[in-house]
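work.cif, holding mmCIF, C-alpha atoms:
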```cif
data_work
loop_
_atom_site.group_PDB
_atom_site.id
_atom_site.type_symbol
_atom_site.label_atom_id
_atom_site.label_comp_id
_atom_site.auth_asym_id
_atom_site.auth_seq_id
_atom_site.Cartn_x
_atom_site.Cartn_y
_atom_site.Cartn_z
ATOM 1 C CA MET H 1 1.150 -7.924 -9.937
ATOM 2 C CA ASN H 2 1.027 -9.276 -6.384
ATOM 3 C CA LYS H 3 3.633 -6.759 -5.190
ATOM 4 C CA TYR H 4 1.274 -3.918 -6.136
ATOM 5 C CA MET H 5 -1.909 -5.549 -4.841
ATOM 6 C CA ASP H 6 -2.082 -3.700 -1.507
ATOM 7 C CA THR H 7 -1.670 -0.330 -3.221
ATOM 8 C CA LEU H 8 -4.356 -1.132 -5.785
ATOM 9 C CA LEU H 9 -6.893 -2.333 -3.233
ATOM 10 C CA LYS H 10 -6.325 0.750 -1.052
ATOM 11 C CA SER H 11 -6.794 3.150 -3.966
ATOM 12 C CA SER H 12 -10.148 4.859 -4.392
ATOM 13 C CA LEU H 13 -10.353 3.613 -7.985
ATOM 14 C CA PHE H 14 -10.420 -0.012 -6.781
ATOM 15 C CA SER H 15 -12.727 0.596 -3.826
ATOM 16 C CA GLY H 16 -15.095 -2.359 -3.370
ATOM 17 C CA ILE H 17 -12.994 -4.629 -5.605
ATOM 18 C CA ILE H 18 -11.633 -7.864 -4.116
ATOM 19 C CA ALA H 19 -8.158 -9.243 -4.809
ATOM 20 C CA ASP H 20 -9.474 -12.240 -6.762
ATOM 21 C CA ASP H 21 -11.020 -9.920 -9.359
ATOM 22 C CA VAL H 22 -8.064 -7.588 -9.892
ATOM 23 C CA ASP H 23 -6.218 -9.547 -12.589
ATOM 24 C CA SER H 24 -9.315 -9.939 -14.760
ATOM 25 C CA ILE H 25 -10.160 -6.245 -14.375
ATOM 26 C CA LEU H 26 -6.662 -5.159 -15.348
ATOM 27 C CA ASP H 27 -6.756 -7.407 -18.383
ATOM 28 C CA CYS H 28 -10.146 -5.970 -19.346
ATOM 29 C CA LEU H 29 -8.854 -2.402 -19.004
ATOM 30 C CA GLY H 30 -5.635 -2.983 -20.942
ATOM 31 C CA ALA H 31 -3.426 -2.088 -17.984
ATOM 32 C CA ILE H 32 0.177 -1.096 -18.706
ATOM 33 C CA ILE H 33 2.897 -0.580 -16.078
ATOM 34 C CA LYS H 34 5.777 1.817 -16.744
ATOM 35 C CA LYS H 35 8.747 2.795 -14.583
ATOM 36 C CA TYR H 36 10.231 6.294 -14.304
ATOM 37 C CA GLN H 37 13.422 7.674 -12.832
ATOM 38 C CA LYS H 38 13.545 10.677 -10.496
ATOM 39 C CA ASN H 39 12.703 13.942 -12.332
ATOM 40 C CA GLU H 40 11.560 12.059 -15.438
ATOM 41 C CA CYS H 41 8.440 13.392 -17.145
ATOM 42 C CA ILE H 42 5.435 11.057 -16.941
ATOM 43 C CA LEU H 43 2.996 13.232 -18.890
ATOM 44 C CA MET H 44 3.890 16.407 -20.763
ATOM 45 C CA ALA H 45 1.706 19.483 -21.217
ATOM 46 C CA GLY H 46 0.590 19.895 -24.830
ATOM 47 C CA ASN H 47 0.046 16.178 -25.362
ATOM 48 C CA THR H 48 -3.146 14.129 -25.154
ATOM 49 C CA THR H 49 -3.801 10.896 -23.293
ATOM 50 C CA GLU H 50 -6.360 8.097 -23.388
ATOM 51 C CA TYR H 51 -5.109 6.613 -20.142
ATOM 52 C CA ILE H 52 -5.701 7.239 -16.463
ATOM 53 C CA GLY H 53 -2.506 7.046 -14.434
ATOM 54 C CA LEU H 54 -2.372 5.294 -11.064
ATOM 55 C CA LEU H 55 0.842 5.659 -9.058
ATOM 56 C CA LEU H 56 1.999 2.305 -7.686
ATOM 57 C CA THR H 57 5.321 3.277 -6.080
ATOM 58 C CA GLY H 58 7.302 6.482 -5.584
ATOM 59 C CA LYS H 59 5.955 10.016 -5.710
ATOM 60 C CA ALA H 60 4.968 12.425 -8.474
ATOM 61 C CA ILE H 61 4.012 16.076 -8.768
ATOM 62 C CA VAL H 62 1.561 17.879 -11.054
ATOM 63 C CA ILE H 63 2.946 21.187 -12.342
ATOM 64 C CA GLN H 64 1.397 23.912 -14.468
ATOM 65 C CA GLU H 65 4.000 25.803 -16.484
ATOM 66 C CA ASP H 66 3.644 29.022 -18.456
ATOM 67 C CA TYR H 67 5.403 29.899 -21.697
ATOM 68 C CA TRP H 68 8.158 31.811 -19.863
ATOM 69 C CA GLY H 69 9.071 29.006 -17.482
ATOM 70 C CA GLY H 70 7.018 29.985 -14.448
ATOM 71 C CA GLN H 71 5.680 27.038 -12.465
ATOM 72 C CA SER H 72 2.754 26.426 -10.157
ATOM 73 C CA VAL H 73 2.407 23.211 -8.173
ATOM 74 C CA MET H 74 -1.124 21.879 -8.598
ATOM 75 C CA SER H 75 -0.981 18.695 -6.519
ATOM 76 C CA ALA H 76 1.201 15.873 -5.232
ATOM 77 C CA ILE H 77 0.594 12.265 -6.244
ATOM 78 C CA LEU H 78 1.245 9.464 -3.757
ATOM 79 C CA PRO H 79 0.938 5.669 -4.194
ATOM 80 C CA GLY H 80 -2.700 4.769 -4.849
ATOM 81 C CA HIS H 81 -3.531 8.209 -6.246
ATOM 82 C CA THR H 82 -4.787 8.618 -9.811
ATOM 83 C CA PHE H 83 -4.133 11.417 -12.284
ATOM 84 C CA ALA H 84 -5.116 12.667 -15.764
ATOM 85 C CA GLU H 85 -8.694 11.362 -15.415
ATOM 86 C CA SER H 86 -10.375 14.500 -16.778
ATOM 87 C CA TYR H 87 -8.112 14.623 -19.825
ATOM 88 C CA ALA H 88 -8.506 10.910 -20.556
ATOM 89 C CA CYS H 89 -12.295 11.163 -20.253
ATOM 90 C CA THR H 90 -12.440 14.075 -22.714
ATOM 91 C CA PRO H 91 -11.263 12.784 -26.105
ATOM 92 C CA GLY H 92 -8.823 15.132 -27.832
ATOM 93 C CA SER H 93 -8.339 17.394 -24.808
ATOM 94 C CA VAL H 94 -4.791 18.722 -24.496
ATOM 95 C CA LEU H 95 -2.944 18.505 -21.201
ATOM 96 C CA ASP H 96 -2.258 21.935 -19.690
ATOM 97 C CA VAL H 97 -0.217 20.412 -16.860
ATOM 98 C CA SER H 98 2.830 18.166 -16.720
ATOM 99 C CA VAL H 99 3.425 15.262 -14.344
ATOM 100 C CA TYR H 100 6.959 14.529 -13.121
ATOM 101 C CA ALA H 101 8.358 11.711 -10.991
ATOM 102 C CA GLU H 102 9.783 13.094 -7.746
ATOM 103 C CA ALA H 103 11.407 9.743 -7.015
ATOM 104 C CA ALA H 104 11.871 6.482 -8.871
ATOM 105 C CA SER H 105 8.262 5.523 -9.571
ATOM 106 C CA SER H 106 6.037 2.865 -11.087
ATOM 107 C CA VAL H 107 2.812 3.918 -12.795
ATOM 108 C CA MET H 108 -0.105 1.842 -14.031
ATOM 109 C CA PHE H 109 -1.997 3.231 -17.025
ATOM 110 C CA LEU H 110 -5.615 2.185 -17.618
ATOM 111 C CA ASN H 111 -7.469 2.781 -20.876
ATOM 112 C CA VAL H 112 -10.402 4.994 -19.965
ATOM 113 C CA GLN H 113 -12.550 4.040 -22.978
ATOM 114 C CA LYS H 114 -12.310 0.385 -21.996
ATOM 115 C CA MET H 115 -13.299 1.414 -18.488
ATOM 116 C CA LEU H 116 -16.329 3.412 -19.630
ATOM 117 C CA THR H 117 -17.450 0.741 -22.118
ATOM 118 C CA THR H 118 -18.891 -2.110 -20.107
ATOM 119 C CA CYS H 119 -18.039 -5.721 -20.874
ATOM 120 C CA PRO H 120 -20.277 -7.783 -23.222
ATOM 121 C CA VAL H 121 -21.395 -9.515 -20.050
ATOM 122 C CA THR H 122 -22.026 -6.464 -17.890
ATOM 123 C CA CYS H 123 -20.213 -7.326 -14.700
ATOM 124 C CA GLY H 124 -20.743 -5.705 -11.341
ATOM 125 C CA LYS H 125 -17.024 -5.118 -10.832
ATOM 126 C CA HIS H 126 -16.800 -3.100 -14.057
ATOM 127 C CA ASN H 127 -19.759 -0.961 -13.006
ATOM 128 C CA GLN H 128 -18.066 -0.482 -9.629
ATOM 129 C CA MET H 129 -14.975 0.886 -11.380
ATOM 130 C CA ILE H 130 -17.123 3.408 -13.277
ATOM 131 C CA ARG H 131 -18.721 4.562 -10.011
ATOM 132 C CA ASN H 132 -15.273 4.832 -8.411
ATOM 133 C CA LEU H 133 -13.997 6.921 -11.326
ATOM 134 C CA LEU H 134 -16.943 9.306 -10.963
ATOM 135 C CA CYS H 135 -16.214 9.693 -7.243
ATOM 136 C CA ASP H 136 -12.531 10.271 -8.009
ATOM 137 C CA LEU H 137 -13.357 13.039 -10.461
ATOM 138 C CA ALA H 138 -15.723 14.674 -7.983
ATOM 139 C CA GLY H 139 -13.040 14.567 -5.294
ATOM 140 C CA LYS H 140 -10.493 16.190 -7.611
ATOM 141 C CA ASN H 141 -12.958 19.001 -8.365
ATOM 142 C CA LEU H 142 -13.449 19.601 -4.642
ATOM 143 C CA ARG H 143 -9.687 19.822 -4.077
ATOM 144 C CA LEU H 144 -9.321 22.295 -6.954
ATOM 145 C CA GLY H 145 -11.981 24.389 -5.278
ATOM 146 C CA GLU H 146 -10.033 24.220 -2.030
ATOM 147 C CA LYS H 147 -6.855 25.378 -3.786
ATOM 148 C CA SER H 148 -8.735 28.366 -5.226
ATOM 149 C CA LYS H 149 -9.984 29.199 -1.728
ATOM 150 C CA HIS H 150 -6.454 29.068 -0.292
ATOM 151 C CA MET H 151 -5.031 31.272 -3.047
ATOM 152 C CA SER H 152 -7.838 33.836 -2.695
ATOM 153 C CA GLN H 153 -6.666 34.698 0.819
ATOM 154 C CA LYS H 154 -4.833 38.033 1.024
ATOM 155 C CA THR H 155 -1.768 37.239 3.132
ATOM 156 C CA THR H 156 0.711 34.390 3.357
ATOM 157 C CA ARG H 157 -0.517 33.623 6.875
ATOM 158 C CA ASP H 158 -4.138 33.517 5.749
ATOM 159 C CA LYS H 159 -3.211 31.144 2.912
ATOM 160 C CA LEU H 160 -1.355 28.889 5.350
ATOM 161 C CA LEU H 161 -4.228 28.909 7.832
ATOM 162 C CA SER H 162 -6.687 28.018 5.068
ATOM 163 C CA TYR H 163 -4.491 25.213 3.699
ATOM 164 C CA LEU H 164 -3.541 23.706 7.067
ATOM 165 C CA SER H 165 -7.150 23.825 8.273
ATOM 166 C CA SER H 166 -8.270 21.938 5.146
ATOM 167 C CA GLU H 167 -5.567 19.314 5.675
ATOM 168 C CA MET H 168 -6.660 18.895 9.298
ATOM 169 C CA HIS H 169 -10.248 18.252 8.229
ATOM 170 C CA ARG H 170 -9.136 15.902 5.448
ATOM 171 C CA HIS H 171 -7.012 13.824 7.850
ATOM 172 C CA GLY H 172 -9.519 14.026 10.706
ATOM 173 C CA SER H 173 -6.733 15.012 13.085
ATOM 174 C CA ASN H 174 -4.796 18.112 14.099
ATOM 175 C CA GLU H 175 -1.562 16.151 13.487
ATOM 176 C CA PHE H 176 -0.721 15.146 9.931
ATOM 177 C CA ASP H 177 1.861 15.071 7.131
ATOM 178 C CA ILE H 178 1.571 17.262 4.057
ATOM 179 C CA PRO H 179 2.736 15.982 0.640
ATOM 180 C CA PHE H 180 4.865 19.049 -0.194
ATOM 181 C CA SER H 181 8.383 20.292 0.442
ATOM 182 C CA ARG H 182 8.698 23.949 1.489
ATOM 183 C CA GLN H 183 9.340 25.106 -2.072
ATOM 184 C CA GLN H 184 6.437 23.048 -3.390
ATOM 185 C CA LEU H 185 4.119 24.423 -0.693
ATOM 186 C CA ALA H 186 5.190 27.950 -1.602
ATOM 187 C CA ASP H 187 4.498 27.231 -5.282
ATOM 188 C CA PHE H 188 1.158 25.601 -4.427
ATOM 189 C CA LEU H 189 0.045 28.687 -2.489
ATOM 190 C CA SER H 190 1.716 31.119 -4.926
ATOM 191 C CA VAL H 191 3.854 32.795 -2.276
ATOM 192 C CA ASP H 192 7.570 33.458 -1.847
ATOM 193 C CA ARG H 193 9.430 30.582 -0.182
ATOM 194 C CA SER H 194 11.389 32.786 2.233
ATOM 195 C CA GLY H 195 8.199 34.603 3.208
ATOM 196 C CA LEU H 196 6.462 31.271 3.738
ATOM 197 C CA SER H 197 9.281 29.976 5.960
ATOM 198 C CA THR H 198 9.294 33.224 7.944
ATOM 199 C CA GLU H 199 5.534 33.054 8.513
ATOM 200 C CA LEU H 200 5.694 29.393 9.555
ATOM 201 C CA GLY H 201 8.417 30.311 12.062
ATOM 202 C CA ARG H 202 6.260 33.111 13.493
ATOM 203 C CA MET H 203 3.243 30.850 13.803
ATOM 204 C CA LYS H 204 5.398 28.282 15.595
ATOM 205 C CA ASP H 205 6.781 30.930 17.978
ATOM 206 C CA GLU H 206 3.234 32.090 18.719
ATOM 207 C CA GLY H 207 2.235 28.541 19.627
ATOM 208 C CA MET H 208 -0.256 28.174 16.784
ATOM 209 C CA ILE H 209 1.523 25.240 15.163
ATOM 210 C CA ASP H 210 4.461 22.922 15.543
ATOM 211 C CA PHE H 211 6.208 21.198 12.681
ATOM 212 C CA HIS H 212 9.209 19.194 11.575
ATOM 213 C CA LYS H 213 9.761 19.111 7.831
ATOM 214 C CA SER H 214 6.408 17.957 6.399
ATOM 215 C CA HIS H 215 4.855 16.889 9.723
ATOM 216 C CA PHE H 216 2.508 19.455 11.283
ATOM 217 C CA ILE H 217 0.615 19.780 14.550
ATOM 218 C CA LEU H 218 -2.083 22.464 14.811
ATOM 219 C CA LYS H 219 -2.699 23.936 18.260
ATOM 220 C CA SER H 220 -5.865 25.605 19.522
ATOM 221 C CA PRO H 221 -5.923 28.972 21.328
ATOM 222 C CA ALA H 222 -6.644 27.071 24.547
ATOM 223 C CA GLN H 223 -3.158 25.563 24.269
ATOM 224 C CA GLY H 224 -1.600 28.943 24.820
ATOM 225 C CA TRP H 225 -1.047 31.149 21.775
ATOM 226 C CA THR H 226 1.234 34.098 22.407
ATOM 227 C CA ASP H 227 1.702 37.429 20.625
ATOM 228 C CA VAL H 228 5.263 38.068 19.523
#
```

If you took the structure in this file and wrote it as structure tokens, what would it be?
Amino acid sequence: MNKYMDTLLKSSLFSGIIADDVDSILDCLGAIIKKYQKNECILMAGNTTEYIGLLLTGKAIVIQEDYWGGQSVMSAILPGHTFAESYACTPGSVLDVSVYAEAASSVMFLNVQKMLTTCPVTCGKHNQMIRNLLCDLAGKNLRLGEKSKHMSQKTTRDKLLSYLSSEMHRHGSNEFDIPFSRQQLADFLSVDRSGLSTELGRMKDEGMIDFHKSHFILKSPAQGWTDV
């Protein structure tokens, strides 16, 4: 467990928990660690789960799929991020999204009922985990609201401006990395990939942004936007 300790302590779910308490907490919550290969399904739509997932290594993606094979990227999962909380906290609820490993990944699963049922000796660390879970769920709801705001914009440029502005505020800097490839970003914003790439190129030519792969720099009008 020591090799995952830094990731656990940096995750929002373990906020306020010290290293000396981690092993006892994991034992209390019935923690299970599973490994997945690239492109392997971690959770499949149509199933149920009683466990919260916490990514320890690798990268995963949350995808919503329709009956005819259409896909929409909902979010990316990086080490320390959790997933499936809402489904695990609602007994019997059926997953309407699937989670896939984008790279070889390790995932810790925590039994949510054991988390929500405090120990016989009600310990502060267990209560802290419950508070952290509540904050995690609230944060996920906020990000879903942000995604709806991005997708409600009329043009590809407007969707990009909305998304990149939100990422800037989230990182607290005008320079940041996004967790998506170009195709994933297009799916996330529900736009055509070629149209997305064209619009990004125009915005770069106009001096609004600079980027290399997933690294972006946003520039203010004072830095010299141009009309092309």

Task: Among listed residues H:Leu144, H:Leu189, H:Ala84, H:Ile130, nearest Gln71 (chain H) (using only C-alpha atoms) - done: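 Answer, going by the shortest atom-to-atom distance: H:Leu189.
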
- [ ] Please write as a VMD selection string the full residue list that the PyMOL selection byres ((chain H and resi 148) around 12) yields on this file.
- [x] chain H and resid 74 141 to 147 149 to 153 159 162 to 163 188 to 190

Open item on the list: As a check of understanding, name the residues that the PyMOL selection byres ((chain H and resi 135) around 12) selects in the supplied structure, as a list in words.
Closed with: Ser11, Ser12, Leu13, Phe14, Ser15, Thr82, Glu85, Gln128, Met129, Ile130, Arg131, Asn132, Leu133, Leu134, Asp136, Leu137, Ala138, Gly139, Lys140, Asn141 and Leu142 of chain H

TODO: Determine the residue membership of the PyMOL selection byres ((chain H and resi 196-205) around 8) for the file above and supply it as an MDAnalysis selection string.
DONE: chainID H and resid 156:157 182 186 191:195 206:211 226 228

Task: Between CA of His215 (chain H) and CA of Pro179 (chain H), distance in Å (one decimal) - done: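 We find that CA of His215 (chain H) and CA of Pro179 (chain H) lie 9.4 Å from each other.
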
Can you pull out the residues contacting Asn174 (chain H)? Cut-off 10 Å, using all atoms listed in the file, and skip same-chain residues under 6 positions away; I want them as a CSV table (one decimal) with C-alpha atoms, in the coordinates of the input.
```
chain,number,residue,atom,x,y,z
H,164,LEU,CA,-3.5,23.7,7.1
H,165,SER,CA,-7.2,23.8,8.3
H,167,GLU,CA,-5.6,19.3,5.7
H,168,MET,CA,-6.7,18.9,9.3
H,209,ILE,CA,1.5,25.2,15.2
H,216,PHE,CA,2.5,19.5,11.3
H,217,ILE,CA,0.6,19.8,14.6
H,218,LEU,CA,-2.1,22.5,14.8
H,219,LYS,CA,-2.7,23.9,18.3
H,220,SER,CA,-5.9,25.6,19.5
```

Task: 9 Å contact set for Ser86 (chain H), all atoms listed in the file, chain neighbours under 4 positions out, as a list in words - done: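 Surrounding residues, per the criterion: Ile52, Thr90, Ser93 and Leu137 of chain H.
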
TODO: Return the single residue from H:His81, H:Lys114, H:Lys3, H:Lys38 that is closest to Glu50 (chain H), with distances computed using all atoms listed in the file.
DONE: H:Lys114

Just want the 8 Å neighbourhood of Ser181 (chain H), counted on all atoms listed in the file, with same-chain residues fewer than 2 positions away dropped. Output as a PDB file with C-alpha atoms, keeping the file's coordinate frame.
```pdb
ATOM      1  CA  PRO H 179       2.736  15.982   0.640  1.00  0.00           C
ATOM      2  CA  GLN H 183       9.340  25.106  -2.072  1.00  0.00           C
ATOM      3  CA  GLN H 184       6.437  23.048  -3.390  1.00  0.00           C
ATOM      4  CA  LEU H 185       4.119  24.423  -0.693  1.00  0.00           C
ATOM      5  CA  LYS H 213       9.761  19.111   7.831  1.00  0.00           C
ATOM      6  CA  SER H 214       6.408  17.957   6.399  1.00  0.00           C
TER       7      SER H 214
END
```

Open item on the list: If we count all atoms listed in the file and set the cut-off at 7 Å, which residues sit around Thr48 (chain H), ignoring sequence neighbours fewer than 3 positions away in its own chain? Please answer as a count of residues only.
Closed with: 4

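The space between CA of Leu43 (chain H) and CA of Pro79 (chain H) spans 16.7 Å.
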